[in-house]
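Okay, protein.cif is below, mmCIF, C-alpha atoms and all ligand atoms:
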data_coords
loop_
_atom_site.label_atom_id
_atom_site.label_comp_id
_atom_site.auth_asym_id
_atom_site.auth_seq_id
_atom_site.Cartn_x
_atom_site.Cartn_y
_atom_site.Cartn_z
CA MET O 1 -15.39 -0.46 -17.26
CA ARG O 2 -17.25 2.46 -15.81
CA GLN O 3 -20.04 3.73 -18.01
CA ALA O 4 -19.53 6.87 -20.03
CA ILE O 5 -21.36 9.94 -18.77
CA LEU O 6 -24.22 10.76 -21.15
CA HIS O 7 -26.18 13.41 -19.27
CA CYS O 8 -25.17 16.35 -17.11
CA ILE O 9 -25.34 15.55 -13.40
CA ARG O 10 -26.36 19.19 -12.71
CA CYS O 11 -29.06 19.90 -15.29
CA GLY O 12 -29.69 16.67 -17.18
CA HIS O 13 -28.76 18.05 -20.61
CA ARG O 14 -26.96 15.68 -22.95
CA VAL O 15 -23.20 16.22 -22.62
CA THR O 16 -20.62 16.64 -25.35
CA SER O 17 -16.95 15.71 -25.35
CA ARG O 18 -14.39 18.50 -25.10
CA ARG O 19 -10.64 18.38 -24.64
CA ILE O 20 -9.75 20.10 -21.38
CA GLU O 21 -6.35 19.97 -19.69
CA GLY O 22 -5.21 17.27 -22.09
CA LEU O 23 -8.11 14.84 -21.66
CA ASP O 24 -11.45 14.38 -23.41
CA ARG O 25 -14.09 15.21 -20.82
CA ALA O 26 -17.87 15.18 -20.72
CA VAL O 27 -18.95 18.84 -20.76
CA CYS O 28 -22.47 20.16 -20.52
CA PRO O 29 -23.21 22.64 -23.34
CA ALA O 30 -26.16 24.06 -21.36
CA CYS O 31 -24.59 24.81 -17.96
CA GLU O 32 -20.87 24.35 -18.81
CA HIS O 33 -20.35 21.83 -16.03
CA VAL O 34 -17.21 19.77 -16.63
CA HIS O 35 -17.53 16.17 -15.43
CA TYR O 36 -14.08 15.41 -14.08
CA GLU O 37 -13.55 11.71 -13.49
CA ASN O 38 -11.11 10.27 -10.98
CA PRO O 39 -9.87 6.89 -9.81
CA LEU O 40 -12.19 5.18 -7.34
CA PRO O 41 -10.77 4.86 -3.82
CA VAL O 42 -10.41 1.32 -2.50
CA ALA O 43 -9.43 0.31 1.04
CA SER O 44 -7.76 -2.98 1.85
CA ALA O 45 -6.48 -4.64 5.04
CA VAL O 46 -3.43 -6.76 5.80
CA VAL O 47 -4.40 -8.52 9.02
CA LEU O 48 -2.01 -10.79 10.89
CA ASP O 49 -2.82 -12.81 14.01
CA GLU O 50 -0.39 -13.61 16.83
CA GLN O 51 0.96 -16.63 14.93
CA ASN O 52 1.71 -14.31 12.01
CA ARG O 53 -1.06 -15.86 9.92
CA LEU O 54 -2.65 -13.75 7.19
CA LEU O 55 -6.40 -13.20 6.92
CA CYS O 56 -7.79 -13.82 3.43
CA VAL O 57 -11.33 -13.86 2.05
CA ARG O 58 -12.74 -15.72 -0.93
CA ARG O 59 -14.64 -13.56 -3.37
CA GLY O 60 -18.31 -14.29 -3.90
CA GLN O 61 -18.74 -11.75 -6.70
CA GLU O 62 -17.05 -10.57 -9.86
CA PRO O 63 -14.43 -9.45 -10.57
CA GLN O 64 -12.28 -12.50 -9.77
CA LYS O 65 -15.17 -14.43 -8.25
CA GLY O 66 -13.96 -17.55 -6.41
CA GLU O 67 -10.43 -16.26 -5.93
CA TRP O 68 -8.87 -15.22 -2.63
CA CYS O 69 -7.85 -11.70 -1.69
CA LEU O 70 -7.32 -9.45 1.29
CA PRO O 71 -10.46 -7.86 2.78
CA ILE O 72 -11.10 -5.04 0.32
CA GLY O 73 -13.77 -2.66 -0.89
CA PHE O 74 -14.71 0.82 -2.02
CA ALA O 75 -14.75 3.76 0.35
CA GLU O 76 -18.25 5.17 0.82
CA LEU O 77 -19.20 8.84 1.02
CA GLY O 78 -18.95 10.19 4.55
CA GLU O 79 -16.34 7.78 5.82
CA THR O 80 -12.58 8.06 6.07
CA ILE O 81 -10.37 5.62 4.20
CA GLU O 82 -9.44 4.07 7.56
CA GLU O 83 -13.12 3.59 8.42
CA ALA O 84 -13.69 2.01 5.01
CA CYS O 85 -10.85 -0.43 5.64
CA LEU O 86 -12.20 -1.50 9.06
CA ARG O 87 -15.78 -1.70 7.76
CA GLU O 88 -14.80 -4.00 4.90
CA LEU O 89 -12.84 -6.17 7.33
CA LYS O 90 -15.89 -6.47 9.59
CA GLU O 91 -18.30 -7.08 6.69
CA GLU O 92 -16.24 -9.65 4.80
CA ALA O 93 -14.49 -11.49 7.65
CA GLY O 94 -16.53 -10.66 10.77
CA ILE O 95 -13.46 -9.27 12.49
CA GLU O 96 -13.08 -5.99 14.37
CA GLY O 97 -9.72 -4.36 13.92
CA LYS O 98 -7.57 -1.39 14.77
CA ILE O 99 -5.46 0.47 12.20
CA ASP O 100 -1.75 -0.01 12.88
CA HIS O 101 -0.30 1.96 9.99
CA LEU O 102 -0.51 2.77 6.30
CA LEU O 103 1.28 0.04 4.36
CA ASP O 104 0.85 0.92 0.70
CA VAL O 105 -0.95 3.14 -1.81
CA SER O 106 -1.07 2.02 -5.43
CA SER O 107 -2.84 2.77 -8.71
CA GLN O 108 -4.40 0.12 -10.93
CA THR O 109 -6.58 -0.03 -14.01
CA SER O 110 -9.25 -2.69 -13.68
CA ASP O 111 -11.11 -4.00 -16.74
CA PHE O 112 -14.14 -4.21 -14.49
CA TYR O 113 -14.06 -0.89 -12.60
CA GLY O 114 -11.66 1.35 -14.51
CA ASP O 115 -9.02 3.32 -12.63
CA LEU O 116 -8.59 2.54 -8.95
CA LEU O 117 -6.52 3.94 -6.11
CA THR O 118 -5.95 1.24 -3.51
CA VAL O 119 -4.95 2.14 0.04
CA THR O 120 -3.79 -0.77 2.18
CA PHE O 121 -3.39 -0.63 5.96
CA LEU O 122 -1.79 -3.01 8.38
CA VAL O 123 -4.60 -3.81 10.82
CA ILE O 124 -4.39 -5.40 14.27
CA PRO O 125 -7.30 -7.82 14.78
CA LEU O 126 -9.25 -7.46 18.03
CA SER O 127 -10.68 -10.98 17.57
CA THR O 128 -9.65 -13.93 15.42
CA GLU O 129 -12.94 -15.77 14.88
CA ALA O 130 -13.26 -15.29 11.12
CA GLN O 131 -16.74 -15.45 9.65
CA ALA O 132 -17.39 -14.74 5.99
CA GLY O 133 -20.08 -12.21 5.15
CA ASP O 134 -21.22 -9.64 2.59
CA ASP O 135 -19.59 -10.47 -0.76
CA ALA O 136 -17.09 -12.98 0.69
CA THR O 137 -17.94 -16.71 0.75
CA GLU O 138 -15.04 -17.78 3.00
CA ALA O 139 -12.71 -16.07 5.45
CA ALA O 140 -9.66 -17.90 6.76
CA TRP O 141 -6.18 -17.52 8.23
CA PHE O 142 -3.19 -18.74 6.23
CA ASP O 143 0.52 -19.07 6.82
CA LEU O 144 1.97 -15.76 5.64
CA ASN O 145 4.28 -17.61 3.26
CA LYS O 146 1.76 -20.23 2.08
CA HIS O 147 -1.45 -18.32 1.43
CA PRO O 148 -3.43 -18.91 -1.80
CA PRO O 149 -2.65 -16.69 -4.79
CA LEU O 150 -4.35 -13.32 -4.40
CA ALA O 151 -6.66 -11.84 -7.00
CA PHE O 152 -5.31 -8.30 -7.00
CA ALA O 153 -1.89 -6.85 -7.80
CA SER O 154 -2.45 -4.20 -5.10
CA ASN O 155 -2.67 -6.99 -2.48
CA ASP O 156 0.57 -8.61 -3.68
CA ARG O 157 2.32 -5.28 -3.65
CA ALA O 158 1.23 -4.43 -0.08
CA LEU O 159 2.29 -7.87 1.16
CA GLY O 160 5.63 -7.48 -0.58
CA LYS O 161 6.14 -4.27 1.36
CA LEU O 162 5.16 -5.92 4.63
CA LYS O 163 7.65 -8.76 4.10
CA LYS O 164 10.39 -6.32 3.24
CA ILE O 165 9.74 -4.31 6.42
CA SER O 166 9.63 -7.38 8.69
CA HIS O 167 12.76 -8.79 7.04
CA ARG O 168 14.59 -5.53 7.70
CA SER O 169 13.46 -5.31 11.33
CA LYS O 170 14.80 -8.82 12.02
CA LYS O 171 18.34 -7.86 10.98
ZN ZN C 201 -25.62 20.93 -17.32
#

Mind turning this structure into structure tokens?
Amino acid sequence: MRQAILHCIRCGHRVTSRRIEGLDRAVCPACEHVHYENPLPVASAVVLDEQNRLLCVRRGQEPQKGEWCLPIGFAELGETIEEACLRELKEEAGIEGKIDHLLDVSSQTSDFYGDLLTVTFLVIPLSTEAQAGDDATEAAWFDLNKHPPLAFASNDRALGKLKKISHRSKK
């Protein structure tokens, strides 16, 4: 879980808890700054190659270390959510990509990070030579219907949407 705020980010005074707009919030008694807290934005990529294989990465760090997932990571300050998605793809799988379209947005509560907002894009790969990097230990292509179980519910949900869309377009 994210750590509780103890000191004011503006003036450094110790904060107190006050109920504002229905939630207990850290408020600075010295400068009255209210520390609103929000879900952290996460970007993730569904990447398919020309054989309709799905790109997955194996996690080298907690949470869910050792499990597979889609390329995924937190958006940084100063970048768009699309840039975050393509950066994580490049860092974790060594693949350059191009955003095709927004696939899914979903909210989760993680024991590790607290509240998250995960934005998943369908990404067209500009190369297919996968090379694990950053916090991924492996990067590999899998049959879309036979990939390993994925660590995150947001990944399952986005893939479910993708399969529904492709099923519909085949009719
Ligand atoms: Zn303050």

* To do: Find the spatial neighbours of Lys98 (chain O), counting all atoms listed in the file, within a cut-off of 10 Å - ignore same-chain residues fewer than 4 positions away - and output them as an NGL selection string.
  => :O and (47 or 82-83 or 85-86 or 121-126)

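Across O:Gln3, O:Thr128, O:Asn155, O:Thr16, the tightest approach to ligand ZN 201 (chain C) is made by O:Thr16 when counting all atoms listed in the file.
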
* Asked: Which residues form the shell of 12 Å around ligand ZN 201 (chain C) when you count all atoms listed in the file, given as a list of chain:residue names?
  -> O:Ile5, O:Leu6, O:His7, O:Cys8, O:Ile9, O:Arg10, O:Cys11, O:Gly12, O:His13, O:Arg14, O:Val15, O:Thr16, O:Ala26, O:Val27, O:Cys28, O:Pro29, O:Ala30, O:Cys31, O:Glu32, O:His33, O:Val34, O:His35

* To do: Identify which of the residues O:Ala75, O:Ala43, O:Ala139, O:Leu48 lies closest to Ala93 (chain O), counting all atoms listed in the file when measuring atom-to-atom distances.
  => O:Ala139

* Proximity to Ile81 (chain O) - best of O:Arg25, O:Phe142, O:Leu162, O:Leu102, all atoms listed in the file ->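 Nearest to Ile81 (chain O): O:Leu102.
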
* With only C-alpha atoms as the basis for distance, which of O:Glu62, O:Ala45, O:Glu67, O:Asp134 is at the shortest distance from Glu96 (chain O)? ->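 Of the candidates, the smallest distance to Glu96 (chain O) is held by O:Ala45.
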
* Structure fact -> Nearest to Ser44 (chain O), restricted to all atoms listed in the file and choosing among O:Asp111, O:Glu21, O:Asp156, O:Asp143, comes out as O:Asp156

Listed atoms of region 81-95 of chain O, axis-aligned box, 3 Å per side: centre and edge lengths to one decimal in Å, as JSON?
{"center_x": -13.9, "center_y": -2.9, "center_z": 8.3, "size_x": 14.9, "size_y": 23.1, "size_z": 14.3}

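Counting only C-alpha atoms, the residue from O:Glu79, O:Gly114, O:Leu55, O:Val46 that sits nearest to Asp100 (chain O) is O:Val46.
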
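From CA of Phe74 (chain O) back to CA of Ile165 (chain O), the distance works out to 26.4 Å.
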
* Can you work out the spacing between CA of Asp115 (chain O) and CA of Ala132 (chain O) in Å, to one decimal? =>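 So the answer is 27.3 Å.
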